[in-house]
Every structure is written in C-alpha cells, then in structure tokens.
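Engineer: Pasting entry-v6.txt here (compact mmCIF, C-alpha atoms):
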```txt
# COMPACT_ATOMS: atom_id res chain seq x y z
CA MET A 251 125.78 112.12 127.76
CA ALA A 252 125.19 109.80 124.82
CA PHE A 253 122.09 110.10 122.65
CA ASN A 254 119.77 107.10 123.09
CA PHE A 255 117.80 106.85 119.85
CA ASN A 256 115.22 104.31 121.06
CA SER A 257 114.28 106.22 124.19
CA ALA A 258 114.09 109.47 122.22
CA ILE A 259 111.60 107.88 119.82
CA THR A 260 109.58 106.50 122.75
CA LYS A 261 109.19 110.04 124.08
CA GLU A 262 107.70 111.14 120.74
CA VAL A 263 104.96 108.46 120.52
CA SER A 264 102.16 110.65 121.93
CA PHE A 265 103.10 113.46 119.54
CA LEU A 266 103.13 111.00 116.64
CA LYS A 267 99.67 109.69 117.59
CA MET A 268 98.29 113.21 117.67
CA ASN A 269 99.85 113.93 114.30
CA ALA A 270 98.57 110.67 112.81
CA HIS A 271 95.02 111.54 113.86
CA LYS A 272 95.29 114.76 111.90
CA TYR A 273 96.05 112.73 108.77
CA THR A 274 93.68 109.83 109.22
CA ARG A 275 90.84 110.84 111.57
CA ASP A 276 90.64 107.15 112.45
CA ASP A 277 92.05 105.63 115.66
CA GLU A 278 93.01 102.26 114.24
CA PHE A 279 94.60 103.63 111.09
CA ALA A 280 96.40 106.30 113.14
CA ASN A 281 97.89 103.62 115.40
CA ASP A 282 99.01 101.65 112.34
CA LEU A 283 100.58 104.78 110.91
CA VAL A 284 102.48 105.48 114.16
CA GLN A 285 103.67 101.89 114.32
CA GLU A 286 104.85 101.94 110.71
CA THR A 287 106.61 105.27 111.33
CA ILE A 288 108.47 103.90 114.35
CA LEU A 289 109.45 100.75 112.45
CA ARG A 290 110.75 102.78 109.54
CA ALA A 291 112.63 105.14 111.88
CA LEU A 292 114.29 102.20 113.62
CA LYS A 293 115.14 100.60 110.28
CA TYR A 294 116.79 103.78 109.00
CA LYS A 295 118.17 105.15 112.27
CA THR A 296 121.66 105.28 110.74
CA ARG A 297 120.35 108.01 108.42
CA PHE A 298 119.33 110.22 111.34
CA LYS A 299 121.86 112.97 111.99
CA PRO A 300 122.56 113.58 115.69
CA ASN A 301 121.90 117.11 116.97
CA THR A 302 119.02 117.57 114.53
CA ASN A 303 115.28 117.65 115.15
CA LEU A 304 114.11 114.04 115.72
CA ARG A 305 110.45 115.08 115.87
CA ALA A 306 110.63 116.74 112.45
CA TRP A 307 112.40 113.69 111.01
CA LEU A 308 109.67 111.39 112.35
CA VAL A 309 106.91 113.62 110.98
CA ILE A 310 108.53 113.54 107.53
CA ILE A 311 108.65 109.75 107.68
CA MET A 312 105.00 109.62 108.77
CA ARG A 313 103.91 112.00 106.05
CA SER A 314 105.73 109.96 103.40
CA ILE A 315 104.10 106.74 104.59
CA TYR A 316 100.67 108.36 104.57
CA ILE A 317 101.13 109.93 101.12
CA ASN A 318 102.29 106.60 99.66
CA TYR A 319 99.29 104.86 101.19
CA TYR A 320 96.94 107.53 99.83
CA ARG A 321 98.44 107.32 96.33
CA ARG A 322 98.09 103.53 96.31
CA GLU A 323 94.43 103.82 97.33
CA VAL A 324 93.67 106.41 94.67
CA LYS A 325 95.43 104.33 92.03
CA ARG A 326 93.61 101.18 93.14
CA ARG A 327 90.25 102.95 92.89
CA MET A 328 91.14 104.49 89.52
CA ASN A 329 92.17 101.12 88.09
CA PHE A 330 88.87 99.62 89.15
CA SER A 331 86.72 102.41 87.77
CA GLU A 332 88.85 102.77 84.65
CA ASP A 333 88.20 99.18 83.59
CA THR A 334 84.62 99.01 84.81
CA ASP A 335 82.87 100.55 81.79
CA VAL A 336 84.01 98.01 79.20
CA ASN A 337 84.27 95.08 81.59
CA TYR A 338 80.72 95.73 82.77
CA PHE A 339 79.44 94.91 79.32
CA PHE A 340 81.75 91.94 78.88
CA GLU A 341 80.74 90.48 82.24
CA SER A 342 77.14 91.71 82.36
CA VAL A 343 75.77 88.39 81.18
CA SER A 344 75.08 86.48 84.38
CA PRO A 345 75.99 82.79 84.53
CA ALA A 346 72.52 82.23 85.99
CA ILE A 347 70.88 83.02 82.66
CA ASN A 348 69.52 79.84 81.15
CA ASN A 349 68.84 81.19 77.69
CA ASP A 350 72.15 80.95 75.88
CA GLY A 351 70.64 82.66 72.86
CA ASP A 352 70.50 86.00 74.68
CA SER A 353 74.06 85.74 75.94
CA ASN A 354 75.36 84.56 72.56
CA MET A 355 73.61 87.49 70.95
CA ALA A 356 75.14 89.91 73.45
CA VAL A 357 78.64 88.50 72.96
CA ALA A 358 78.21 88.63 69.21
CA TYR A 359 77.05 92.26 69.42
CA ILE A 360 80.00 93.18 71.65
CA ASN A 361 82.47 91.54 69.27
CA LYS A 362 80.77 93.22 66.32
CA SER A 363 81.03 96.59 68.13
CA VAL A 364 84.71 96.04 68.90
CA ASN A 365 85.35 95.12 65.25
CA LYS A 366 83.68 98.38 64.14
CA LEU A 367 86.49 100.36 65.77
CA GLU A 368 89.38 101.54 63.65
CA GLU A 369 92.36 99.19 63.89
CA LYS A 370 94.48 101.70 65.83
CA TYR A 371 91.76 101.77 68.52
CA ARG A 372 90.66 98.14 68.26
CA LEU A 373 94.05 96.48 68.84
CA PRO A 374 94.89 98.25 72.13
CA ILE A 375 91.44 97.56 73.63
CA GLN A 376 91.56 93.91 72.57
CA LEU A 377 95.01 93.50 74.11
CA ARG A 378 93.91 95.29 77.29
CA THR A 379 90.85 93.08 77.74
CA SER A 380 93.11 90.06 77.12
CA GLY A 381 95.11 91.00 80.21
CA TYR A 382 98.01 93.00 78.79
CA SER A 383 99.28 95.96 80.81
CA TYR A 384 99.50 99.39 79.22
CA GLN A 385 103.28 99.10 79.02
CA GLU A 386 103.09 95.67 77.37
CA ILE A 387 100.66 97.03 74.80
CA ALA A 388 102.95 99.98 74.10
CA ASP A 389 105.89 97.63 73.63
CA GLU A 390 103.90 95.23 71.46
CA LEU A 391 102.53 97.94 69.16
CA ASP A 392 105.70 100.05 69.32
CA ILE A 393 103.85 103.24 70.27
CA PRO A 394 104.25 105.58 73.27
CA LEU A 395 102.53 104.67 76.55
CA GLY A 396 100.46 107.88 76.52
CA THR A 397 99.16 107.06 73.06
CA VAL A 398 98.07 103.60 74.26
CA LYS A 399 96.19 105.12 77.18
CA SER A 400 94.43 107.71 75.02
CA GLN A 401 93.51 105.14 72.36
CA ILE A 402 92.05 102.82 74.99
CA HIS A 403 90.17 105.71 76.57
CA TYR A 404 88.72 106.67 73.19
CA SER A 405 87.87 103.00 72.45
CA ARG A 406 86.01 102.70 75.74
CA LYS A 407 84.00 105.82 75.01
CA GLN A 408 83.08 104.53 71.55
CA LEU A 409 82.18 101.06 72.88
CA LYS A 410 80.15 102.52 75.70
CA ALA A 411 78.12 104.53 73.20
CA LEU A 412 77.65 101.52 70.92
CA LEU A 413 76.79 99.16 73.76
CA THR A 414 74.42 101.65 75.38
CA GLU A 415 72.42 101.56 72.15
CA PHE A 416 72.32 97.76 72.39
CA THR A 417 71.19 97.71 76.03
CA SER A 418 68.44 100.27 75.35
CA GLU A 419 67.16 98.14 72.45
CA ASN A 420 66.91 94.98 74.59
```
Kindly return the structure encoded in the file as structure tokens.
Structural biologist:
Amino acid sequence: MAFNFNSAITKEVSFLKMNAHKYTRDDEFANDLVQETILRALKYKTRFKPNTNLRAWLVIIMRSIYINYYRREVKRRMNFSEDTDVNYFFESVSPAINNDGDSNMAVAYINKSVNKLEEKYRLPIQLRTSGYSYQEIADELDIPLGTVKSQIHYSRKQLKALLTEFTSEN
C-alpha cells in the first residue's frame, strides 16, 4: 500500500490545532499557525523521509514557524523601544505649536547637546538618526558592528541625561 502524504497530513490537523493552541493560546493565531505548517509541509514534502514519524516532522515545522514569528516580534519591539529615547526628543516638538521660538530653541539645544558628545560617540548617533543602519555605520566608520551599537547606546544615555535637564528646566 502506497503512502499518501496529503491524506496523512489531513489526519494530523486536529493534533496540530491542539499543539498550536499550546504555543499561542489564541484561536485565530493557532489556526494561522496550523495553516502555515501544512503549507510548509506540502512545499517541502520531498524532504520527508517515508517510514518516519510524520507527526514529529510536522511539530518541528510548526515550532520553527512559531519561533521565527516570536523572534521577529521581539526584534520589532526592541527596534521601536531602542530608538524611542532619542527620537522622542527629536520629534517631541508638535507641529501644532505656533510659537516657533520654543521649537527653534529646543532644536538648537538638541543640536548643542549632540555636539557636546565626543566625536567617536557623536558620529554614529548622527548617522543613525540620519537613517543609516548599524551595518552601514560600521562600514562607513570602519569599526566593528558591536562597537557601533555600544557607542550609540552610550550616546543615547548621554543625550537622555542632557535632554532630561533641558525638559526639567522648561
């Protein structure tokens, strides 16, 4: 009797749904996870070895999909919060403010604070706020990626301290 891959997967759907609920605790996301698992299994069915455990293979696929999703979400949240401190001060001046004097003064103070940083800390933060990626900054300044990240982190801490003084004064 020949092995019918599609019907074998169909028999595992209820097990996959139960397993997906353990990961997600959300019906809609669990159904999406099952669907993505089945699609990936069908796409790579040539990699499945007959006479092995199909259920285990499907669970491994599901777990990989879920882990990749989770990592993307964590990274997305980290990128947002990582840039928020400095960008908050750069974007804190609302366009609804009519008094340009206040906003000009704030921008001038921010630029003055950035210029107070040592050059090795000032250049990476200026490039980063200009839209450069960490890797592009590392390539541009010819320094390791880890050094760029630590210099930007240190710059943000210094700017936050300097700008916190400014916001408490005004």
Engineer: What is the distance, in Å and to one decimal place, between atom CA of A:Asn281 and atom CA of A:Val263?
Structural biologist: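 Separation of atom CA of A:Asn281 and atom CA of A:Val263: 10.0 Å.
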Engineer: Give me the residues near stretch 252-257 of chain A as an MDAnalysis selection string, where near means some atom within 9 Å (using all atoms listed in the file) and where sequence neighbours in that chain fewer than 6 positions away do not count.
Structural biologist: chainID A and resid 292 295 300
Engineer: To one decimal place in Å, what is the distance between atom CA of A:Ser405 and atom CA of A:Ile387?
Structural biologist: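 Those two atoms sit 14.3 Å apart.
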Engineer: Could you tell me how far atom CA of A:Thr397 lies from atom CA of A:Val364, in Å and to one decimal?
Structural biologist: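 Distance between the two atoms: 18.6 Å.
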Engineer: Write out as a PDB file with C-alpha atoms, keeping the file's coordinate frame each polymer residue whose atoms come within 12 Å of A:Ile375, counting only C-alpha atoms; drop sequence neighbours fewer than 2 positions from it.
Structural biologist:
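Contents of around.pdb, freshly written:
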```
ATOM      1  CA  ASP A 333      88.200  99.180  83.590  1.00  0.00           C
ATOM      2  CA  VAL A 336      84.010  98.010  79.200  1.00  0.00           C
ATOM      3  CA  ASN A 337      84.270  95.080  81.590  1.00  0.00           C
ATOM      4  CA  ASN A 361      82.470  91.540  69.270  1.00  0.00           C
ATOM      5  CA  SER A 363      81.030  96.590  68.130  1.00  0.00           C
ATOM      6  CA  VAL A 364      84.710  96.040  68.900  1.00  0.00           C
ATOM      7  CA  ASN A 365      85.350  95.120  65.250  1.00  0.00           C
ATOM      8  CA  LEU A 367      86.490 100.360  65.770  1.00  0.00           C
ATOM      9  CA  GLU A 368      89.380 101.540  63.650  1.00  0.00           C
ATOM     10  CA  GLU A 369      92.360  99.190  63.890  1.00  0.00           C
ATOM     11  CA  LYS A 370      94.480 101.700  65.830  1.00  0.00           C
ATOM     12  CA  TYR A 371      91.760 101.770  68.520  1.00  0.00           C
ATOM     13  CA  ARG A 372      90.660  98.140  68.260  1.00  0.00           C
ATOM     14  CA  LEU A 373      94.050  96.480  68.840  1.00  0.00           C
ATOM     15  CA  LEU A 377      95.010  93.500  74.110  1.00  0.00           C
ATOM     16  CA  ARG A 378      93.910  95.290  77.290  1.00  0.00           C
ATOM     17  CA  THR A 379      90.850  93.080  77.740  1.00  0.00           C
ATOM     18  CA  SER A 380      93.110  90.060  77.120  1.00  0.00           C
ATOM     19  CA  GLY A 381      95.110  91.000  80.210  1.00  0.00           C
ATOM     20  CA  TYR A 382      98.010  93.000  78.790  1.00  0.00           C
ATOM     21  CA  SER A 383      99.280  95.960  80.810  1.00  0.00           C
ATOM     22  CA  TYR A 384      99.500  99.390  79.220  1.00  0.00           C
ATOM     23  CA  ILE A 387     100.660  97.030  74.800  1.00  0.00           C
ATOM     24  CA  ALA A 388     102.950  99.980  74.100  1.00  0.00           C
ATOM     25  CA  LEU A 391     102.530  97.940  69.160  1.00  0.00           C
ATOM     26  CA  VAL A 398      98.070 103.600  74.260  1.00  0.00           C
ATOM     27  CA  LYS A 399      96.190 105.120  77.180  1.00  0.00           C
ATOM     28  CA  SER A 400      94.430 107.710  75.020  1.00  0.00           C
ATOM     29  CA  GLN A 401      93.510 105.140  72.360  1.00  0.00           C
ATOM     30  CA  ILE A 402      92.050 102.820  74.990  1.00  0.00           C
ATOM     31  CA  HIS A 403      90.170 105.710  76.570  1.00  0.00           C
ATOM     32  CA  TYR A 404      88.720 106.670  73.190  1.00  0.00           C
ATOM     33  CA  SER A 405      87.870 103.000  72.450  1.00  0.00           C
ATOM     34  CA  ARG A 406      86.010 102.700  75.740  1.00  0.00           C
ATOM     35  CA  LYS A 407      84.000 105.820  75.010  1.00  0.00           C
ATOM     36  CA  GLN A 408      83.080 104.530  71.550  1.00  0.00           C
ATOM     37  CA  LEU A 409      82.180 101.060  72.880  1.00  0.00           C
TER      38      LEU A 409
END
```
Engineer: For A:Thr287, find every residue with an atom within 8 Å (counting only C-alpha atoms), except residues of its own chain fewer than 5 positions away, and show them as a ChimeraX atom specification.
Structural biologist: /A:308,311-312,315
Engineer: Compare A:Arg313, A:Lys410, A:Lys366, A:Arg327 by their minimum atom-to-atom distance to A:Tyr273, counting all atoms listed in the file, and give me the closest one.
Structural biologist: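 Nearest to A:Tyr273: A:Arg313.
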Engineer: Taking (106.1, 103.6, 112.3) in the coordinates of the supplied file, I want to know which residues reach to within 12 Å of it, counting all atoms listed in the file; could you give the answer as a PyMOL selection string?
Structural biologist: chain A and resi 259-260+262-263+266-267+270+279-294+307-316
